[in-house]
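model-v1.csv follows; it contains CSV, C-alpha atoms.
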chain,number,residue,atom,x,y,z
C,292,MET,CA,-10.7,130.2,6.2
C,293,THR,CA,-8.0,128.0,4.6
C,294,GLY,CA,-8.5,124.6,3.1
C,295,PRO,CA,-6.5,121.4,3.8
C,296,ARG,CA,-2.8,121.7,3.5
C,297,VAL,CA,-1.4,120.5,0.1
C,298,GLN,CA,0.2,117.0,0.5
C,299,THR,CA,3.7,116.6,-0.7
C,300,ARG,CA,4.6,113.7,-2.9
C,301,ALA,CA,6.8,112.2,-0.1
C,302,GLU,CA,3.8,112.3,2.3
C,303,VAL,CA,1.5,110.7,-0.3
C,304,GLU,CA,4.0,107.9,-1.1
C,305,ALA,CA,4.5,107.1,2.6
C,306,ARG,CA,0.8,106.9,3.1
C,307,VAL,CA,0.3,104.7,0.0
C,308,ARG,CA,3.2,102.4,0.9
C,309,GLY,CA,1.9,102.1,4.4
C,310,PHE,CA,-1.6,101.1,3.3
C,311,LEU,CA,-0.3,98.5,0.8
C,312,THR,CA,2.3,97.1,3.2
C,313,ARG,CA,-0.3,96.7,6.0
C,314,LEU,CA,-2.7,95.1,3.6
C,315,HIS,CA,-0.2,92.6,2.4
C,316,SER,CA,1.0,91.9,5.9
C,317,LYS,CA,-2.6,91.2,6.9
C,318,LEU,CA,-3.0,88.8,4.0
C,319,ALA,CA,0.4,87.1,4.7
C,320,SER,CA,-0.5,86.5,8.3
C,321,ARG,CA,-3.3,84.3,7.2
C,322,GLY,CA,-1.5,82.7,4.3
C,323,ARG,CA,-3.6,84.6,1.7
C,324,CYS,CA,-1.0,86.9,0.2
C,325,PHE,CA,-0.5,87.2,-3.5
C,326,SER,CA,2.1,89.0,-5.6
C,327,SER,CA,0.0,89.2,-8.8
C,328,GLY,CA,-3.6,90.4,-8.8
C,329,ALA,CA,-6.0,93.2,-8.1
C,330,PHE,CA,-7.8,94.8,-5.2
C,331,VAL,CA,-11.2,96.4,-5.3
C,332,VAL,CA,-11.7,98.7,-2.3
C,333,HIS,CA,-15.2,99.9,-1.2
C,334,ILE,CA,-14.6,103.6,-0.7
C,335,PRO,CA,-15.8,104.7,2.8
C,336,GLN,CA,-18.1,107.7,2.1
C,337,SER,CA,-17.8,109.2,5.6
C,338,SER,CA,-14.0,109.0,6.1
C,339,THR,CA,-12.1,112.3,5.5
C,340,GLN,CA,-8.9,110.3,6.1
C,341,PHE,CA,-9.6,108.0,3.2
C,342,GLN,CA,-10.7,110.9,1.0
C,343,ARG,CA,-7.4,112.6,1.7
C,344,PHE,CA,-5.6,109.3,0.7
C,345,LEU,CA,-7.5,109.4,-2.6
C,346,ASP,CA,-6.8,113.1,-3.2
C,347,GLY,CA,-3.1,112.5,-2.7
C,348,LEU,CA,-3.1,109.6,-5.2
C,349,LEU,CA,-4.9,111.7,-7.8
C,350,ALA,CA,-2.6,114.7,-7.3
C,351,HIS,CA,0.7,112.9,-7.6
C,352,SER,CA,-0.1,110.3,-10.3
C,353,SER,CA,-0.4,110.5,-14.1
C,354,ALA,CA,-3.0,109.4,-16.6
C,355,ARG,CA,-2.3,106.1,-18.1
C,356,PHE,CA,-2.0,106.2,-21.9
C,357,GLY,CA,-1.8,103.5,-24.5
C,358,ALA,CA,-3.9,100.3,-24.9
C,359,LYS,CA,-6.3,99.8,-22.0
C,360,THR,CA,-6.2,96.6,-19.9
C,361,HIS,CA,-7.9,95.9,-16.6
C,362,ASP,CA,-10.9,98.0,-17.7
C,363,ASP,CA,-13.7,95.6,-16.8
C,364,PHE,CA,-15.0,98.0,-14.1
C,365,GLN,CA,-14.9,100.9,-16.5
C,366,VAL,CA,-17.1,99.7,-19.4
C,367,LEU,CA,-20.8,99.2,-18.5
C,368,ALA,CA,-21.3,96.5,-21.1
C,369,LYS,CA,-18.3,94.5,-19.9
C,370,LEU,CA,-19.2,94.8,-16.3
C,371,ARG,CA,-22.8,93.7,-16.9
C,372,ALA,CA,-21.7,90.7,-19.1
C,373,ARG,CA,-18.9,89.5,-16.9
C,374,ARG,CA,-20.3,89.5,-13.4
C,375,LEU,CA,-20.0,86.0,-12.0
C,376,CYS,CA,-23.4,86.3,-10.3
C,377,ARG,CA,-25.2,86.1,-13.6
C,378,PRO,CA,-28.0,85.3,-14.2
C,379,ALA,CA,-29.2,85.8,-10.6
C,380,CYS,CA,-27.4,89.0,-9.7
C,381,ALA,CA,-28.8,90.7,-6.6
C,382,ARG,CA,-28.7,94.2,-8.2
C,383,ASP,CA,-28.7,95.4,-11.7
C,384,ILE,CA,-26.2,98.0,-12.8
C,385,THR,CA,-28.1,100.9,-14.4
C,386,ALA,CA,-25.3,103.4,-14.3
C,387,LEU,CA,-21.5,103.3,-14.2
C,388,ARG,CA,-19.3,106.3,-13.6
C,389,PRO,CA,-15.7,105.3,-14.2
C,390,GLY,CA,-12.6,107.4,-13.5
C,391,ARG,CA,-9.6,107.4,-15.7
C,392,GLN,CA,-6.8,104.9,-15.3
C,393,ARG,CA,-3.9,106.4,-13.6
C,394,GLU,CA,-0.4,105.3,-12.4
C,395,PHE,CA,1.4,106.2,-9.2
C,396,ILE,CA,5.2,105.5,-9.6
C,397,PHE,CA,7.1,104.8,-6.4
C,398,GLY,CA,10.4,106.4,-5.7
C,399,ALA,CA,11.8,103.0,-4.7
C,400,PRO,CA,10.1,99.6,-5.5
C,401,LEU,CA,7.9,97.8,-3.1
C,402,ALA,CA,9.7,94.5,-2.6
C,403,GLY,CA,8.9,91.4,-0.7
C,404,LEU,CA,5.4,92.4,0.2
C,405,CYS,CA,4.4,88.8,0.9
C,406,GLY,CA,7.5,88.0,3.0
C,407,PRO,CA,11.1,86.8,2.4
C,408,ALA,CA,10.0,84.3,-0.2
C,409,ASP,CA,8.4,86.9,-2.4
C,410,ALA,CA,11.0,88.0,-5.0
C,411,SER,CA,8.7,90.4,-6.8
C,412,ALA,CA,9.3,94.2,-6.9
C,413,LYS,CA,6.5,96.6,-7.7
C,414,ARG,CA,7.3,100.1,-9.0
C,415,VAL,CA,3.8,101.2,-10.1
C,416,LEU,CA,0.3,101.3,-8.7
C,417,LEU,CA,-2.3,101.2,-11.4
C,418,PHE,CA,-5.6,102.5,-10.1
C,419,TYR,CA,-8.9,104.1,-11.0
C,420,THR,CA,-12.2,104.8,-9.2
C,421,PHE,CA,-15.7,103.7,-10.4
C,422,GLN,CA,-19.2,104.2,-9.0
C,423,THR,CA,-22.3,102.1,-9.4
C,424,ASN,CA,-25.7,101.8,-7.8
C,425,SER,CA,-24.0,100.1,-4.8
C,426,GLY,CA,-21.4,102.7,-4.0
C,427,ALA,CA,-18.0,104.0,-5.0
C,428,TYR,CA,-14.9,101.7,-5.4
C,429,LEU,CA,-11.2,102.0,-6.0
C,430,TYR,CA,-9.5,99.5,-8.3
C,431,MET,CA,-5.8,98.9,-7.4
C,432,LYS,CA,-3.2,96.7,-9.1
C,433,LEU,CA,0.6,96.7,-8.4
C,434,GLU,CA,2.8,96.3,-11.4
C,435,SER,CA,6.5,96.0,-12.1
C,436,GLU,CA,6.7,98.6,-14.9
C,437,PRO,CA,4.8,101.7,-16.1
C,438,ALA,CA,2.5,101.1,-19.0
C,439,LEU,CA,4.6,103.0,-21.5
C,440,SER,CA,7.8,101.0,-21.0
C,441,VAL,CA,9.6,98.1,-22.8
C,442,GLY,CA,9.3,95.9,-19.7
C,443,HIS,CA,5.5,96.3,-19.6
C,444,ALA,CA,5.1,95.7,-23.3
C,445,VAL,CA,7.2,92.4,-23.1
C,446,SER,CA,5.2,91.3,-20.1
C,447,ALA,CA,1.8,92.0,-21.8
C,448,LEU,CA,2.9,90.2,-25.0
C,449,SER,CA,3.9,87.2,-23.0
C,450,ARG,CA,0.7,87.0,-21.0
C,451,TYR,CA,-2.0,88.1,-23.5
C,452,VAL,CA,-0.5,87.0,-26.8
C,453,LEU,CA,1.8,84.1,-26.0
C,454,LYS,CA,-0.5,83.0,-23.1
C,455,LYS,CA,2.5,82.5,-20.8
C,456,SER,CA,2.0,83.2,-17.0
C,457,LYS,CA,4.8,84.1,-14.6
C,458,LYS,CA,5.5,81.2,-12.2
C,459,SER,CA,5.1,82.1,-8.5
C,460,GLN,CA,4.6,80.2,-5.3
C,461,PHE,CA,1.8,82.7,-4.5
C,462,ALA,CA,-1.6,82.4,-5.9
C,463,ALA,CA,-2.7,85.0,-8.5
C,464,ARG,CA,-5.9,87.0,-7.7
C,465,ARG,CA,-6.7,88.5,-11.1
C,466,GLU,CA,-10.1,89.9,-11.9
C,467,ASN,CA,-10.0,88.5,-15.5
C,468,ALA,CA,-9.8,84.8,-14.5
C,469,TYR,CA,-13.3,84.3,-15.8
C,470,LYS,CA,-12.0,84.4,-19.4
C,471,ASN,CA,-10.8,80.8,-19.1
C,472,LYS,CA,-13.5,78.8,-17.3
C,473,ARG,CA,-16.4,80.8,-16.1
C,474,GLY,CA,-18.2,78.1,-14.1
C,475,VAL,CA,-15.0,77.1,-12.3
C,476,ALA,CA,-14.0,80.7,-11.8
C,477,ALA,CA,-17.4,81.6,-10.3
C,478,ARG,CA,-17.4,78.7,-7.8
C,479,THR,CA,-13.7,79.3,-6.8
C,480,ALA,CA,-14.0,83.0,-6.6
C,481,MET,CA,-17.0,82.9,-4.3
C,482,ALA,CA,-15.4,80.3,-2.1
C,483,LEU,CA,-12.2,82.4,-1.9
C,484,SER,CA,-14.2,85.6,-1.1
C,485,SER,CA,-16.0,83.9,1.8
C,486,ALA,CA,-12.7,82.5,3.2
C,487,ASP,CA,-11.1,85.9,2.9
C,488,VAL,CA,-13.7,87.5,5.1
C,489,ARG,CA,-13.8,84.7,7.6
C,490,GLU,CA,-10.0,84.9,8.0
C,491,LEU,CA,-9.5,88.6,7.9
C,492,TRP,CA,-12.6,90.6,8.7
C,493,PRO,CA,-15.4,88.3,9.9
C,494,GLU,CA,-17.6,91.3,11.0
C,495,GLN,CA,-17.6,92.4,7.3
C,496,ALA,CA,-19.2,89.2,5.9
C,497,LYS,CA,-22.4,91.0,4.8
C,498,ASN,CA,-20.5,93.6,2.8
C,499,SER,CA,-18.5,90.9,1.1
C,500,LYS,CA,-21.5,88.9,0.2
C,501,GLU,CA,-23.2,92.0,-1.3
C,502,TYR,CA,-20.1,92.6,-3.5
C,503,ASP,CA,-20.1,89.0,-4.7
C,504,ALA,CA,-23.8,89.1,-5.5
C,505,SER,CA,-23.6,92.3,-7.5
C,506,LEU,CA,-20.1,93.2,-8.8
C,507,ARG,CA,-17.5,90.4,-8.6
C,508,ILE,CA,-16.1,89.4,-12.0
C,509,GLY,CA,-13.2,87.1,-11.0
C,510,TYR,CA,-10.6,86.5,-8.4
C,511,GLU,CA,-10.0,90.1,-7.4
C,512,PHE,CA,-9.6,90.7,-3.7
C,513,PHE,CA,-12.4,92.8,-2.1
C,514,VAL,CA,-11.6,95.2,0.7
C,515,PRO,CA,-14.6,96.4,2.7
C,516,ALA,CA,-14.9,100.1,3.5
C,517,ALA,CA,-14.4,99.6,7.3
C,518,ALA,CA,-11.3,97.5,6.7
C,519,ALA,CA,-9.9,100.1,4.3
C,520,VAL,CA,-10.1,102.8,7.0
C,521,ARG,CA,-8.3,100.6,9.5
C,522,LEU,CA,-5.4,100.0,7.0
C,523,LEU,CA,-4.6,103.7,6.7

As structure tokens, the full file:
Amino acid sequence: MTGPRVQTRAEVEARVRGFLTRLHSKLASRGRCFSSGAFVVHIPQSSTQFQRFLDGLLAHSSARFGAKTHDDFQVLAKLRARRLCRPACARDITALRPGRQREFIFGAPLAGLCGPADASAKRVLLFYTFQTNSGAYLYMKLESEPALSVGHAVSALSRYVLKKSKKSQFAARRENAYKNKRGVAARTAMALSSADVRELWPEQAKNSKEYDASLRIGYEFFVPAAAAVRLL
């Protein structure tokens, strides 16, 4: 008995590009698209199709080296301390099993994901998986340059040291927004999350509320498991 056929890099890239393109198109159709920010996808446990999607990403990506950023879902102390639901979180996190940060580099940049007015071009998908009491998740963030590149170093210096943000007509959906004004971030993030679900996947409102009440740490965009399967 033979196992599943090994996926080629071209097949994996086509699948990843398709998933991200459909996701951004869905957001753009409701005026909710963003060119800077992060997605947290609830991994559907019973979908062999999504597991194959993950397997392909892992097989054709490389481990990310250098200084770690965007690791709030990888360090238990950070995740516990930075959840916006504190102090009344619906579920405590007693265990966190994080995967390693990895980068998938596209053969050609993903450009104009939010439409003709979007001038950004993304060459890299930063991702990692993590698991808590409430399930398994996939963190995804599109970036312009690989971590070990001059362009990425300059961008990181500008944002994290010089505190300069890129100007864009599209709202940013970063998970680390809490670092500025926690109270404002919490109220805004929860309102955004509720609006996301009402606009895009109204039948998934319960899943989104559970995520907000246990794991949300900022403005990251949550994708429910059922929605993730439909995007493949």

Within 7 Å of region 356-366 of chain C using all atoms listed in the file, minus same-chain residues under 2 positions, as a PDB file with C-alpha atoms, in the coordinates of the input:
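Dumped everything to result-v5.pdb:
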ATOM      1  CA  ALA C 354      -3.000 109.400 -16.600  1.00  0.00           C
ATOM      2  CA  ALA C 368     -21.300  96.500 -21.100  1.00  0.00           C
ATOM      3  CA  LYS C 369     -18.300  94.500 -19.900  1.00  0.00           C
ATOM      4  CA  LEU C 370     -19.200  94.800 -16.300  1.00  0.00           C
ATOM      5  CA  PRO C 389     -15.700 105.300 -14.200  1.00  0.00           C
ATOM      6  CA  PHE C 421     -15.700 103.700 -10.400  1.00  0.00           C
TER       7      PHE C 421
END

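Here the question is which of C:Leu375, C:Leu367, C:Leu348, C:Ala463 gets nearest to Phe395 (chain C) using all atoms listed in the file, and that residue is C:Leu348.
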
task = Please provide the set of residues having any atom within 6 Å of Ser505 (chain C), restricted to all atoms listed in the file, with same-chain residues fewer than 2 positions apart removed, written as a ChimeraX atom specification.
result = /C:380-382,502-503

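For the set C:Leu522, C:Ala504, C:Cys376, C:Leu491, the residue with the smallest atom-to-atom gap to Thr312 (chain C) is C:Leu522, counting all atoms listed in the file.
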
key: Spatial sel., origin (-18.9, 102.4, -10.7), limit 8 Å, all atoms listed in the file, listed as JSON, numbers by chain   = {"C": [364, 365, 386, 387, 388, 389, 420, 421, 422, 423, 424, 426, 427, 428]}

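The neighbours of Gly322 (chain C) here are the residues that come within 10 Å of it, using only C-alpha atoms and leaving out any residue fewer than 6 positions away in the same chain; they are Ser316, Cys405, Phe461 and Glu490 of chain C.
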
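CA of Phe513 (chain C) to CA of Glu302 (chain C) spans 25.7 Å [interatomic distance, one decimal].
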
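With distances restricted to all atoms listed in the file, C:Ala408 is the closest residue to Gln460 (chain C) from C:Leu401, C:Ile508, C:Ala350, C:Ala408.
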
task = Skip region 519-521 of chain C itself and residues of its chain fewer than 2 positions away, then list as a list of chain:residue names all residues within 10 Å of it, counting only C-alpha atoms.
result = C:Phe310, C:Arg313, C:Leu314, C:Val332, C:His333, C:Ile334, C:Pro335, C:Ser338, C:Thr339, C:Gln340, C:Phe341, C:Val514, C:Pro515, C:Ala516, C:Ala517, C:Leu523

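Counting all atoms listed in the file, the residue from C:Arg465, C:Leu506, C:Ser499, C:Glu394 that sits nearest to Ala518 (chain C) is C:Ser499.
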
note = For Arg393 (chain C), the closest of C:Arg355, C:Arg374, C:Arg507, C:Arg343 counting all atoms listed in the file is C:Arg355

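Proximity of C:Ala412, C:Arg373, C:Val488, C:Phe344 to Ala305 (chain C), computed with only C-alpha atoms, is greatest for C:Phe344.
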